[in-house]
$ cat input_13.cif   # mmCIF, C-alpha atoms
data_work
loop_
_atom_site.label_atom_id
_atom_site.label_comp_id
_atom_site.auth_asym_id
_atom_site.auth_seq_id
_atom_site.Cartn_x
_atom_site.Cartn_y
_atom_site.Cartn_z
CA LEU E 1414 -9.17 0.66 -15.92
CA ARG E 1415 -10.88 4.04 -16.54
CA GLN E 1416 -8.78 5.62 -19.33
CA MET E 1417 -5.67 3.53 -18.56
CA GLN E 1418 -5.05 0.62 -20.93
CA LEU E 1419 -2.24 -1.87 -20.30
CA GLN E 1420 -0.29 -3.71 -23.00
CA ASN E 1421 -0.32 -6.92 -20.94
CA ARG E 1422 -1.42 -8.26 -17.55
CA ILE E 1423 2.00 -8.53 -15.92
CA VAL E 1424 2.49 -6.14 -13.00
CA MET E 1425 5.72 -5.31 -11.21
CA ALA E 1426 4.89 -5.79 -7.55
CA PRO E 1427 5.74 -3.05 -5.03
CA MET E 1428 9.20 -3.81 -3.62
CA GLU E 1429 10.59 -1.69 -0.80
CA GLN E 1430 14.09 -0.40 -1.63
CA TYR E 1431 14.87 1.59 1.55
CA THR E 1432 17.42 3.66 -0.39
CA ALA E 1433 15.80 7.12 -0.57
CA GLN E 1434 17.77 10.02 0.90
CA ASN E 1435 15.67 12.60 2.75
CA GLY E 1436 12.63 11.19 0.96
CA LEU E 1437 14.20 11.66 -2.50
CA VAL E 1438 14.35 8.88 -5.07
CA SER E 1439 17.63 8.62 -6.98
CA ASP E 1440 19.40 6.94 -9.91
CA TRP E 1441 18.93 3.64 -8.04
CA HIS E 1442 15.16 4.01 -8.37
CA LEU E 1443 15.39 5.21 -11.98
CA VAL E 1444 17.22 1.99 -12.91
CA HIS E 1445 15.01 -0.18 -10.66
CA TYR E 1446 11.78 1.02 -12.29
CA GLY E 1447 13.14 1.96 -15.71
CA SER E 1448 14.60 -1.48 -16.37
CA ARG E 1449 11.23 -3.14 -15.71
CA ALA E 1450 9.55 -0.68 -18.05
CA THR E 1451 11.98 -1.37 -20.90
CA GLY E 1452 11.62 -5.08 -20.03
CA GLY E 1453 7.97 -4.79 -21.02
CA VAL E 1454 5.78 -5.18 -17.95
CA GLY E 1455 2.28 -3.79 -18.39
CA LEU E 1456 2.14 -1.93 -15.09
CA ILE E 1457 4.77 -0.86 -12.57
CA LEU E 1458 3.77 -0.28 -8.96
CA THR E 1459 6.23 1.65 -6.83
CA GLU E 1460 7.31 0.78 -3.33
CA THR E 1461 5.30 2.48 -0.60
CA VAL E 1462 5.65 6.24 -0.80
CA ALA E 1463 4.88 7.77 2.58
CA VAL E 1464 2.36 10.61 2.75
CA SER E 1465 4.32 12.28 5.57
CA GLU E 1466 7.66 11.98 7.35
CA GLU E 1467 5.87 10.32 10.29
CA GLY E 1468 4.30 7.86 7.85
CA ARG E 1469 7.61 6.37 6.73
CA ILE E 1470 8.53 2.80 7.59
CA THR E 1471 12.27 3.58 7.62
CA LEU E 1472 14.50 6.61 7.08
CA GLY E 1473 15.14 5.20 3.59
CA CYS E 1474 11.51 5.42 2.46
CA PRO E 1475 10.56 7.90 -0.27
CA LEU E 1476 8.13 10.81 0.04
CA ILE E 1477 6.21 12.94 -2.44
CA SER E 1478 5.64 16.05 -0.29
CA SER E 1479 8.13 18.68 -1.49
CA GLN E 1480 8.65 20.07 -4.99
CA LYS E 1481 12.08 18.44 -5.09
CA GLN E 1482 10.55 15.06 -4.23
CA LYS E 1483 7.87 15.50 -6.90
CA ASP E 1484 10.55 16.40 -9.45
CA SER E 1485 12.61 13.33 -8.59
CA TRP E 1486 9.55 11.11 -9.22
CA LYS E 1487 8.69 13.02 -12.43
CA ARG E 1488 12.11 12.08 -13.81
CA ILE E 1489 11.16 8.41 -13.36
CA THR E 1490 7.62 8.64 -14.77
CA ASP E 1491 8.95 10.63 -17.76
CA PHE E 1492 11.55 7.93 -18.46
CA VAL E 1493 8.92 5.19 -18.28
CA HIS E 1494 6.54 7.03 -20.61
CA GLN E 1495 9.22 8.12 -23.09
CA ASN E 1496 10.97 4.76 -23.37
CA SER E 1497 8.24 2.14 -23.00
CA LYS E 1498 4.52 1.37 -23.21
CA SER E 1499 4.41 0.54 -19.50
CA LYS E 1500 2.16 2.45 -17.11
CA ILE E 1501 3.36 3.39 -13.64
CA GLY E 1502 1.33 3.60 -10.44
CA ILE E 1503 2.41 5.00 -7.08
CA GLN E 1504 1.60 3.17 -3.87
CA LEU E 1505 0.69 5.75 -1.21
CA GLY E 1506 0.78 4.67 2.40
CA HIS E 1507 1.33 5.41 6.07
CA SER E 1508 3.35 3.06 8.26
CA GLY E 1509 1.18 3.35 11.37
CA ARG E 1510 2.46 1.22 14.23
CA ARG E 1511 5.10 -0.39 11.98
CA GLY E 1512 7.00 2.87 11.43
CA ALA E 1513 10.34 4.27 12.61
CA VAL E 1514 12.23 1.01 12.19
CA LYS E 1515 15.74 0.28 10.91
CA ARG E 1516 16.34 -0.83 7.36
CA PRO E 1517 15.94 -4.64 7.22
CA TRP E 1518 19.67 -5.32 6.88
CA GLU E 1519 20.32 -3.20 10.00
CA GLY E 1520 17.79 -5.11 12.13
CA HIS E 1521 14.43 -6.44 11.01
CA ASP E 1522 11.49 -4.66 12.72
CA GLN E 1523 13.93 -3.04 15.18
CA PRO E 1524 13.17 0.57 16.21
CA ILE E 1525 15.56 3.34 15.23
CA GLU E 1526 17.40 5.13 18.06
CA THR E 1527 15.06 8.10 18.18
CA PRO E 1528 11.69 6.95 16.80
CA TRP E 1529 9.04 9.49 15.94
CA LYS E 1530 5.52 9.34 17.36
CA LEU E 1531 3.63 6.39 15.92
CA LEU E 1532 -0.10 6.41 15.19
CA ALA E 1533 -2.54 3.51 15.12
CA PRO E 1534 -6.21 2.76 15.80
CA SER E 1535 -5.25 1.18 19.15
CA PRO E 1536 -2.15 1.56 21.36
CA LEU E 1537 -0.75 -1.90 20.54
CA SER E 1538 2.95 -2.13 19.66
CA TYR E 1539 3.99 -4.35 16.74
CA ASN E 1540 6.56 -6.19 18.83
CA ASP E 1541 8.07 -5.98 22.31
CA LYS E 1542 10.95 -3.78 21.12
CA MET E 1543 8.87 -1.11 19.43
CA PRO E 1544 7.10 1.71 21.27
CA ALA E 1545 3.33 1.64 21.66
CA PRO E 1546 1.62 3.90 19.13
CA LYS E 1547 -0.75 6.69 20.05
CA GLU E 1548 -4.43 5.77 19.68
CA MET E 1549 -5.60 8.13 16.98
CA ASP E 1550 -8.13 10.79 17.86
CA ARG E 1551 -10.28 12.66 15.34
CA GLN E 1552 -7.67 15.39 14.81
CA ASP E 1553 -5.03 12.77 14.01
CA MET E 1554 -7.45 11.26 11.48
CA GLU E 1555 -8.10 14.64 9.86
CA ASN E 1556 -4.34 15.26 9.59
CA VAL E 1557 -3.72 11.90 7.91
CA ILE E 1558 -6.64 12.37 5.50
CA SER E 1559 -5.21 15.75 4.55
CA GLN E 1560 -1.76 14.19 3.98
CA PHE E 1561 -3.22 11.52 1.67
CA ARG E 1562 -5.23 14.14 -0.19
CA GLN E 1563 -2.15 16.27 -0.85
CA ALA E 1564 -0.08 13.21 -1.83
CA ALA E 1565 -2.71 12.27 -4.43
CA LYS E 1566 -2.53 15.75 -5.97
CA ASN E 1567 1.27 15.56 -5.99
CA ALA E 1568 1.16 12.10 -7.60
CA GLU E 1569 -0.90 13.49 -10.47
CA GLN E 1570 1.55 16.37 -10.95
CA ALA E 1571 4.44 13.90 -10.91
CA GLY E 1572 2.93 12.06 -13.88
CA PHE E 1573 1.69 8.82 -12.34
CA ASP E 1574 -0.93 6.89 -14.33
CA MET E 1575 -2.51 5.32 -11.27
CA ILE E 1576 -2.53 5.33 -7.47
CA GLU E 1577 -2.52 2.28 -5.26
CA LEU E 1578 -3.70 2.84 -1.71
CA GLN E 1579 -1.75 0.77 0.81
CA ALA E 1580 -4.22 -0.95 3.14
CA ASN E 1581 -2.28 -4.16 3.69
CA HIS E 1582 0.51 -5.73 5.78
CA GLY E 1583 -0.47 -4.18 9.09
CA TYR E 1584 0.37 -0.60 8.20
CA LEU E 1585 -1.94 2.22 9.25
CA LEU E 1586 -5.04 1.61 7.13
CA ALA E 1587 -4.69 -2.16 7.40
CA SER E 1588 -4.49 -1.93 11.18
CA PHE E 1589 -7.95 -0.34 11.20
CA LEU E 1590 -9.34 -3.21 9.12
CA SER E 1591 -8.13 -6.12 11.26
CA PRO E 1592 -9.78 -7.02 14.60
CA LEU E 1593 -6.32 -8.09 15.83
CA THR E 1594 -5.04 -4.52 15.71
CA ASN E 1595 -8.23 -2.49 16.13
CA ASN E 1596 -9.93 -2.84 19.51
CA ARG E 1597 -11.53 0.60 19.56
CA LYS E 1598 -14.84 1.07 21.33
CA ASP E 1599 -16.01 4.02 19.24
CA GLU E 1600 -17.54 4.18 15.75
CA TYR E 1601 -14.21 3.16 14.17
CA GLY E 1602 -13.98 -0.20 15.94
CA GLY E 1603 -16.03 -3.35 16.38
CA SER E 1604 -17.90 -4.55 13.28
CA VAL E 1605 -16.14 -4.73 9.92
CA SER E 1606 -18.33 -1.86 8.66
CA ASN E 1607 -17.03 0.29 11.54
CA ARG E 1608 -13.42 -0.79 10.99
CA LEU E 1609 -13.81 0.26 7.34
CA LYS E 1610 -14.90 3.82 8.14
CA PHE E 1611 -11.52 5.54 8.41
CA PRO E 1612 -9.86 3.69 5.49
CA LEU E 1613 -12.87 4.63 3.33
CA GLU E 1614 -12.57 8.28 4.40
CA VAL E 1615 -8.95 8.20 3.27
CA PHE E 1616 -9.85 6.47 0.00
CA ARG E 1617 -12.54 9.02 -0.82
CA ALA E 1618 -10.13 11.91 -0.17
CA VAL E 1619 -7.60 10.31 -2.54
CA ARG E 1620 -10.23 9.62 -5.20
CA GLU E 1621 -11.52 13.20 -5.06
CA SER E 1622 -7.99 14.60 -5.38
CA PHE E 1623 -6.81 12.52 -8.36
CA ASP E 1624 -7.68 12.87 -12.05
CA SER E 1625 -11.00 11.07 -12.55
CA ASP E 1626 -9.71 9.47 -15.78
CA ARG E 1627 -6.93 7.70 -13.86
CA PRO E 1628 -7.63 4.55 -11.82
CA ILE E 1629 -7.03 3.76 -8.16
CA SER E 1630 -6.42 0.32 -6.72
CA VAL E 1631 -6.48 -0.68 -3.06
CA ARG E 1632 -4.06 -3.26 -1.69
CA ILE E 1633 -5.55 -5.32 1.14
CA SER E 1634 -4.49 -8.29 3.25
CA ALA E 1635 -6.93 -11.14 2.61
CA SER E 1636 -5.70 -13.12 5.63
CA ASP E 1637 -3.86 -12.21 8.82
CA TRP E 1638 -2.51 -15.78 9.07
CA ALA E 1639 -3.40 -15.63 12.76
CA GLU E 1640 -6.32 -16.75 14.90
CA ASN E 1641 -9.28 -14.33 15.24
CA GLY E 1642 -8.05 -12.18 12.34
CA VAL E 1643 -10.07 -11.01 9.35
CA THR E 1644 -12.51 -13.61 8.08
CA GLN E 1645 -13.27 -14.44 4.46
CA GLU E 1646 -16.63 -12.67 4.91
CA ASP E 1647 -14.80 -9.59 6.25
CA VAL E 1648 -12.48 -9.58 3.24
CA LEU E 1649 -15.34 -9.72 0.74
CA GLU E 1650 -17.12 -6.89 2.57
CA ILE E 1651 -13.91 -4.82 2.61
CA ALA E 1652 -13.33 -5.34 -1.11
CA LYS E 1653 -16.96 -4.56 -1.93
CA ALA E 1654 -16.91 -1.38 0.16
CA PHE E 1655 -13.83 -0.05 -1.66
CA GLN E 1656 -15.34 -0.97 -5.02
CA GLN E 1657 -18.56 0.91 -4.17
CA ALA E 1658 -16.48 3.91 -3.06
CA GLY E 1659 -14.86 4.03 -6.51
CA ALA E 1660 -11.90 1.64 -6.41
CA ASP E 1661 -11.15 0.25 -9.87
CA CYS E 1662 -9.10 -2.72 -8.72
CA ILE E 1663 -8.25 -4.69 -5.58
CA ASP E 1664 -4.60 -5.78 -5.16
CA VAL E 1665 -4.73 -8.87 -2.97
CA SER E 1666 -1.94 -9.65 -0.54
CA SER E 1667 -1.92 -11.22 2.94
CA GLY E 1668 -0.21 -11.28 6.29
CA TYR E 1669 2.19 -9.10 8.31
CA THR E 1670 -0.69 -7.75 10.37
CA VAL E 1671 0.84 -9.24 13.53
CA ASN E 1672 4.37 -10.47 14.19
CA TYR E 1673 3.17 -13.89 15.43
CA GLN E 1674 1.58 -14.81 12.09
CA LYS E 1675 1.92 -18.32 10.67
CA PRO E 1676 1.63 -17.93 6.89
CA ALA E 1677 1.17 -20.88 4.56
CA TYR E 1678 3.70 -19.88 1.91
CA GLY E 1679 3.84 -21.80 -1.37
CA ARG E 1680 3.59 -21.57 -5.13
CA MET E 1681 1.00 -18.92 -6.12
CA TYR E 1682 -0.22 -19.10 -2.53
CA GLN E 1683 -2.29 -15.89 -2.57
CA THR E 1684 -4.04 -16.50 -5.88
CA PRO E 1685 -7.10 -18.23 -4.30
CA PHE E 1686 -7.80 -15.07 -2.27
CA SER E 1687 -7.79 -12.95 -5.45
CA ASP E 1688 -9.90 -15.55 -7.23
CA ALA E 1689 -12.55 -15.43 -4.48
CA ILE E 1690 -12.69 -11.61 -4.51
CA ARG E 1691 -12.83 -11.33 -8.29
CA ASN E 1692 -15.51 -13.95 -8.76
CA SER E 1693 -17.63 -13.08 -5.70
CA ILE E 1694 -17.70 -9.33 -6.19
CA GLY E 1695 -16.93 -8.83 -9.87
CA VAL E 1696 -14.04 -6.43 -9.34
CA PRO E 1697 -10.73 -6.57 -11.24
CA VAL E 1698 -7.88 -7.89 -9.09
CA ILE E 1699 -4.11 -8.03 -8.95
CA THR E 1700 -2.57 -11.12 -7.40
CA ALA E 1701 0.94 -11.63 -6.09
CA GLY E 1702 3.09 -14.03 -4.11
CA THR E 1703 5.58 -16.63 -5.41
CA ILE E 1704 4.44 -16.41 -9.03
CA GLN E 1705 7.57 -17.59 -10.80
CA ASP E 1706 7.10 -18.28 -14.50
CA ILE E 1707 5.00 -17.58 -17.55
CA ASP E 1708 3.10 -20.87 -17.29
CA GLN E 1709 1.88 -19.92 -13.82
CA ILE E 1710 0.89 -16.48 -15.09
CA ASN E 1711 -1.11 -17.96 -17.98
CA THR E 1712 -2.75 -20.45 -15.62
CA ILE E 1713 -3.83 -17.62 -13.29
CA ILE E 1714 -5.24 -15.57 -16.19
CA LEU E 1715 -7.17 -18.55 -17.54
#
$ encode --input "input_13.cif" --output "structure tokens"
Amino acid sequence: LRQMQLQNRIVMAPMEQYTAQNGLVSDWHLVHYGSRATGGVGLILTETVAVSEEGRITLGCPLISSQKQKDSWKRITDFVHQNSKSKIGIQLGHSGRRGAVKRPWEGHDQPIETPWKLLAPSPLSYNDKMPAPKEMDRQDMENVISQFRQAAKNAEQAGFDMIELQANHGYLLASFLSPLTNNRKDEYGGSVSNRLKFPLEVFRAVRESFDSDRPISVRISASDWAENGVTQEDVLEIAKAFQQAGADCIDVSSGYTVNYQKPAYGRMYQTPFSDAIRNSIGVPVITAGTIQDIDQINTIIL
């Protein structure tokens, strides 16, 4: 992808750790990522790194805003590059209406005692315990674009080989893409091309702010697992739009858009979505979801 070459096609999926302190990654993260690098995976993708304090999912989510936070990430990227052939990408995201919740072991999707102001395309709360988010106005959009732009610059300085833009699982950008969470009546709602507008604005800001030799992937949800959610046609249009805007790869996930989803979990259950995107659009893809052994991996590659 661009100037990045991987030694193999195995990717460490983003796994939320919820163990950052004041946005800083620690020895926990160094071991978490470093052990996968020395284990030989081709590409490591970090957990979601919030582009602002208000963009965190929990108080334990990492940031890359301050110099100290950049330095703590640089320690990890340096270790990966000095001790392995693995590449490491940072997943940048904003929690949107799913933010300000407790860590999962403290209460799954339960709001913290004093939640910060949540932002979303429409004022729809994720569940009946969480506060309704503010419907974003243009100034809110400009602020978020600026936060993503700065995070991309910081990611380059911190030594990341790649950026992955988080537009999946019902977080901020994903909630623009799904008709279940975006009922706006302006130019950012309605048709899939309208619902794409703000996520594409964010993507372009990230692409412009990151070394042009380094790739960017976009992680999308290919199904909401709920009635009247994104259609297969929507998903192909979304993937194509990001590709045309300069995305080098689409990381295909699904679900978590709404809390009443009914997912069809199973062995390699998301691979058909990736297959459809790759072979319909001709864009490289990453697939994930209950892939458990090397035979399954080789089957997927074939």
$ resolve_selection --input "input_13.cif" --expression "the PyMOL selection byres ((chain E and resi 1454) around 12)" --output "PDB file with C-alpha atoms, keeping the file's coordinate frame"
ATOM      1  CA  LEU E1419      -2.240  -1.870 -20.300  1.00  0.00           C
ATOM      2  CA  GLN E1420      -0.290  -3.710 -23.000  1.00  0.00           C
ATOM      3  CA  ASN E1421      -0.320  -6.920 -20.940  1.00  0.00           C
ATOM      4  CA  ARG E1422      -1.420  -8.260 -17.550  1.00  0.00           C
ATOM      5  CA  ILE E1423       2.000  -8.530 -15.920  1.00  0.00           C
ATOM      6  CA  VAL E1424       2.490  -6.140 -13.000  1.00  0.00           C
ATOM      7  CA  MET E1425       5.720  -5.310 -11.210  1.00  0.00           C
ATOM      8  CA  ALA E1426       4.890  -5.790  -7.550  1.00  0.00           C
ATOM      9  CA  TYR E1446      11.780   1.020 -12.290  1.00  0.00           C
ATOM     10  CA  GLY E1447      13.140   1.960 -15.710  1.00  0.00           C
ATOM     11  CA  SER E1448      14.600  -1.480 -16.370  1.00  0.00           C
ATOM     12  CA  ARG E1449      11.230  -3.140 -15.710  1.00  0.00           C
ATOM     13  CA  ALA E1450       9.550  -0.680 -18.050  1.00  0.00           C
ATOM     14  CA  THR E1451      11.980  -1.370 -20.900  1.00  0.00           C
ATOM     15  CA  GLY E1452      11.620  -5.080 -20.030  1.00  0.00           C
ATOM     16  CA  GLY E1453       7.970  -4.790 -21.020  1.00  0.00           C
ATOM     17  CA  GLY E1455       2.280  -3.790 -18.390  1.00  0.00           C
ATOM     18  CA  LEU E1456       2.140  -1.930 -15.090  1.00  0.00           C
ATOM     19  CA  ILE E1457       4.770  -0.860 -12.570  1.00  0.00           C
ATOM     20  CA  LEU E1458       3.770  -0.280  -8.960  1.00  0.00           C
ATOM     21  CA  VAL E1493       8.920   5.190 -18.280  1.00  0.00           C
ATOM     22  CA  SER E1497       8.240   2.140 -23.000  1.00  0.00           C
ATOM     23  CA  LYS E1498       4.520   1.370 -23.210  1.00  0.00           C
ATOM     24  CA  SER E1499       4.410   0.540 -19.500  1.00  0.00           C
ATOM     25  CA  LYS E1500       2.160   2.450 -17.110  1.00  0.00           C
ATOM     26  CA  ILE E1501       3.360   3.390 -13.640  1.00  0.00           C
TER      27      ILE E1501
END
$ atom_distance --input "input_13.cif" --atom1 "CA of Glu1548 (chain E)" --atom2 "CA of Gln1563 (chain E)"
23.2 Å
$ closest_residue --input "input_13.cif" --among "E:Ala1701, E:Leu1532, E:Val1615, E:Ala1587" --to "Gln1560 (chain E)" --atoms "all atoms listed in the file"
E:Val1615
$ resolve_selection --input "input_13.cif" --expression "the PyMOL selection byres ((chain E and resi 1431-1440) around 12)" --output "JSON, numbers by chain"
{"E": [1428, 1429, 1430, 1441, 1442, 1443, 1444, 1445, 1446, 1447, 1448, 1459, 1460, 1461, 1462, 1463, 1464, 1465, 1466, 1467, 1468, 1469, 1470, 1471, 1472, 1473, 1474, 1475, 1476, 1477, 1478, 1479, 1480, 1481, 1482, 1483, 1484, 1485, 1486, 1487, 1488, 1489, 1490, 1492, 1514, 1515, 1516, 1517, 1518, 1519]}
$ atom_distance --input "input_13.cif" --atom1 "CA of Ala1564 (chain E)" --atom2 "CA of Leu1505 (chain E)"
7.5 Å
$ closest_residue --input "input_13.cif" --among "E:Pro1676, E:Gly1512, E:Gly1502, E:Gly1659" --to "Ala1571 (chain E)" --atoms "all atoms listed in the file"
E:Gly1502
$ resolve_selection --input "input_13.cif" --expression "the PyMOL selection byres ((chain E and resi 1530) around 8)" --output "list of chain:residue names"
E:Glu1467, E:Pro1528, E:Trp1529, E:Leu1531, E:Leu1532, E:Pro1546, E:Lys1547
$ write_last_selection --input "input_13.cif" --atoms "C-alpha atoms" --output "compact mmCIF listing (two decimals), in the coordinates of the input"
# COMPACT_ATOMS: atom_id res chain seq x y z
CA GLU E 1467 5.87 10.32 10.29
CA PRO E 1528 11.69 6.95 16.80
CA TRP E 1529 9.04 9.49 15.94
CA LEU E 1531 3.63 6.39 15.92
CA LEU E 1532 -0.10 6.41 15.19
CA PRO E 1546 1.62 3.90 19.13
CA LYS E 1547 -0.75 6.69 20.05
$ closest_residue --input "input_13.cif" --among "E:Trp1638, E:Phe1589, E:Phe1573, E:Tyr1669" --to "Asp1624 (chain E)" --atoms "only C-alpha atoms"
E:Phe1573
$ atom_distance --input "input_13.cif" --atom1 "CA of Ile1694 (chain E)" --atom2 "CA of Ala1635 (chain E)"
14.0 Å
$ closest_residue --input "input_13.cif" --among "E:Ile1651, E:Leu1613, E:Ile1663, E:Leu1715" --to "Pro1628 (chain E)" --atoms "all atoms listed in the file"
E:Ile1663
$ closest_residue --input "input_13.cif" --among "E:His1494, E:Lys1653, E:Lys1675, E:His1507" --to "Gly1695 (chain E)" --atoms "all atoms listed in the file"
E:Lys1653
$ closest_residue --input "input_13.cif" --among "E:Asn1641, E:Thr1700, E:Ser1606, E:Ser1622" --to "Ser1559 (chain E)" --atoms "only C-alpha atoms"
E:Ser1622
$ residues_near_point --input "input_13.cif" --point "(-14.5, -16.7, 4.0)" --cutoff "10 Å" --atoms "only C-alpha atoms" --output "PDB file with C-alpha atoms, keeping the file's coordinate frame"
ATOM      1  CA  ALA E1635      -6.930 -11.140   2.610  1.00  0.00           C
ATOM      2  CA  SER E1636      -5.700 -13.120   5.630  1.00  0.00           C
ATOM      3  CA  VAL E1643     -10.070 -11.010   9.350  1.00  0.00           C
ATOM      4  CA  THR E1644     -12.510 -13.610   8.080  1.00  0.00           C
ATOM      5  CA  GLN E1645     -13.270 -14.440   4.460  1.00  0.00           C
ATOM      6  CA  GLU E1646     -16.630 -12.670   4.910  1.00  0.00           C
ATOM      7  CA  ASP E1647     -14.800  -9.590   6.250  1.00  0.00           C
ATOM      8  CA  VAL E1648     -12.480  -9.580   3.240  1.00  0.00           C
ATOM      9  CA  LEU E1649     -15.340  -9.720   0.740  1.00  0.00           C
ATOM     10  CA  PHE E1686      -7.800 -15.070  -2.270  1.00  0.00           C
ATOM     11  CA  ALA E1689     -12.550 -15.430  -4.480  1.00  0.00           C
TER      12      ALA E1689
END
$ decode --input "input_13.cif" --residues "region 1630-1653 of chain E" --atoms "N, CA and C atoms" --output "PDB file, in the first residue's frame"
ATOM      1  N   SER E1630      -6.291   3.494   5.669  1.00  0.00           N
ATOM      2  CA  SER E1630      -7.443   2.605   5.490  1.00  0.00           C
ATOM      3  C   SER E1630      -8.642   3.221   6.197  1.00  0.00           C
ATOM      4  N   VAL E1631      -9.820   2.772   5.809  1.00  0.00           N
ATOM      5  CA  VAL E1631     -11.053   3.222   6.461  1.00  0.00           C
ATOM      6  C   VAL E1631     -11.796   1.984   6.937  1.00  0.00           C
ATOM      7  N   ARG E1632     -12.159   1.967   8.216  1.00  0.00           N
ATOM      8  CA  ARG E1632     -12.906   0.827   8.748  1.00  0.00           C
ATOM      9  C   ARG E1632     -14.397   1.172   8.748  1.00  0.00           C
ATOM     10  N   ILE E1633     -15.178   0.352   8.062  1.00  0.00           N
ATOM     11  CA  ILE E1633     -16.617   0.600   7.947  1.00  0.00           C
ATOM     12  C   ILE E1633     -17.399  -0.594   8.492  1.00  0.00           C
ATOM     13  N   SER E1634     -18.661  -0.362   8.796  1.00  0.00           N
ATOM     14  CA  SER E1634     -19.582  -1.442   9.146  1.00  0.00           C
ATOM     15  C   SER E1634     -20.392  -1.793   7.908  1.00  0.00           C
ATOM     16  N   ALA E1635     -20.251  -3.051   7.455  1.00  0.00           N
ATOM     17  CA  ALA E1635     -20.900  -3.475   6.212  1.00  0.00           C
ATOM     18  C   ALA E1635     -22.336  -3.928   6.430  1.00  0.00           C
ATOM     19  N   SER E1636     -22.747  -4.034   7.695  1.00  0.00           N
ATOM     20  CA  SER E1636     -24.141  -4.337   8.023  1.00  0.00           C
ATOM     21  C   SER E1636     -24.430  -3.783   9.398  1.00  0.00           C
ATOM     22  N   ASP E1637     -25.638  -3.259   9.581  1.00  0.00           N
ATOM     23  CA  ASP E1637     -26.051  -2.795  10.914  1.00  0.00           C
ATOM     24  C   ASP E1637     -26.695  -3.918  11.714  1.00  0.00           C
ATOM     25  N   TRP E1638     -26.955  -5.068  11.055  1.00  0.00           N
ATOM     26  CA  TRP E1638     -27.642  -6.193  11.693  1.00  0.00           C
ATOM     27  C   TRP E1638     -28.975  -5.745  12.292  1.00  0.00           C
ATOM     28  N   ALA E1639     -29.629  -4.839  11.623  1.00  0.00           N
ATOM     29  CA  ALA E1639     -30.926  -4.325  12.078  1.00  0.00           C
ATOM     30  C   ALA E1639     -31.725  -3.874  10.862  1.00  0.00           C
ATOM     31  N   GLU E1640     -33.038  -3.958  10.974  1.00  0.00           N
ATOM     32  CA  GLU E1640     -33.917  -3.604   9.868  1.00  0.00           C
ATOM     33  C   GLU E1640     -33.756  -2.138   9.483  1.00  0.00           C
ATOM     34  N   ASN E1641     -33.806  -1.866   8.177  1.00  0.00           N
ATOM     35  CA  ASN E1641     -33.721  -0.510   7.607  1.00  0.00           C
ATOM     36  C   ASN E1641     -32.360   0.144   7.803  1.00  0.00           C
ATOM     37  N   GLY E1642     -31.331  -0.682   8.036  1.00  0.00           N
ATOM     38  CA  GLY E1642     -29.973  -0.154   8.150  1.00  0.00           C
ATOM     39  C   GLY E1642     -29.329   0.009   6.785  1.00  0.00           C
ATOM     40  N   VAL E1643     -27.999   0.083   6.766  1.00  0.00           N
ATOM     41  CA  VAL E1643     -27.298   0.239   5.487  1.00  0.00           C
ATOM     42  C   VAL E1643     -27.550  -0.984   4.605  1.00  0.00           C
ATOM     43  N   THR E1644     -27.728  -0.740   3.332  1.00  0.00           N
ATOM     44  CA  THR E1644     -27.956  -1.821   2.382  1.00  0.00           C
ATOM     45  C   THR E1644     -26.624  -2.228   1.753  1.00  0.00           C
ATOM     46  N   GLN E1645     -26.624  -3.363   1.065  1.00  0.00           N
ATOM     47  CA  GLN E1645     -25.408  -3.782   0.374  1.00  0.00           C
ATOM     48  C   GLN E1645     -25.008  -2.745  -0.676  1.00  0.00           C
ATOM     49  N   GLU E1646     -25.986  -2.141  -1.341  1.00  0.00           N
ATOM     50  CA  GLU E1646     -25.694  -1.094  -2.334  1.00  0.00           C
ATOM     51  C   GLU E1646     -25.055   0.125  -1.651  1.00  0.00           C
ATOM     52  N   ASP E1647     -25.592   0.487  -0.468  1.00  0.00           N
ATOM     53  CA  ASP E1647     -25.007   1.593   0.301  1.00  0.00           C
ATOM     54  C   ASP E1647     -23.534   1.313   0.593  1.00  0.00           C
ATOM     55  N   VAL E1648     -23.268   0.099   1.059  1.00  0.00           N
ATOM     56  CA  VAL E1648     -21.919  -0.272   1.491  1.00  0.00           C
ATOM     57  C   VAL E1648     -20.937  -0.172   0.327  1.00  0.00           C
ATOM     58  N   LEU E1649     -21.340  -0.655  -0.836  1.00  0.00           N
ATOM     59  CA  LEU E1649     -20.463  -0.571  -2.008  1.00  0.00           C
ATOM     60  C   LEU E1649     -20.225   0.880  -2.409  1.00  0.00           C
ATOM     61  N   GLU E1650     -21.268   1.707  -2.300  1.00  0.00           N
ATOM     62  CA  GLU E1650     -21.102   3.134  -2.626  1.00  0.00           C
ATOM     63  C   GLU E1650     -20.188   3.825  -1.614  1.00  0.00           C
ATOM     64  N   ILE E1651     -20.326   3.456  -0.343  1.00  0.00           N
ATOM     65  CA  ILE E1651     -19.472   4.027   0.708  1.00  0.00           C
ATOM     66  C   ILE E1651     -18.010   3.658   0.461  1.00  0.00           C
ATOM     67  N   ALA E1652     -17.767   2.376   0.202  1.00  0.00           N
ATOM     68  CA  ALA E1652     -16.392   1.922  -0.035  1.00  0.00           C
ATOM     69  C   ALA E1652     -15.799   2.596  -1.272  1.00  0.00           C
ATOM     70  N   LYS E1653     -16.588   2.690  -2.327  1.00  0.00           N
ATOM     71  CA  LYS E1653     -16.124   3.315  -3.568  1.00  0.00           C
ATOM     72  C   LYS E1653     -15.795   4.794  -3.356  1.00  0.00           C
TER      73      LYS E1653
END
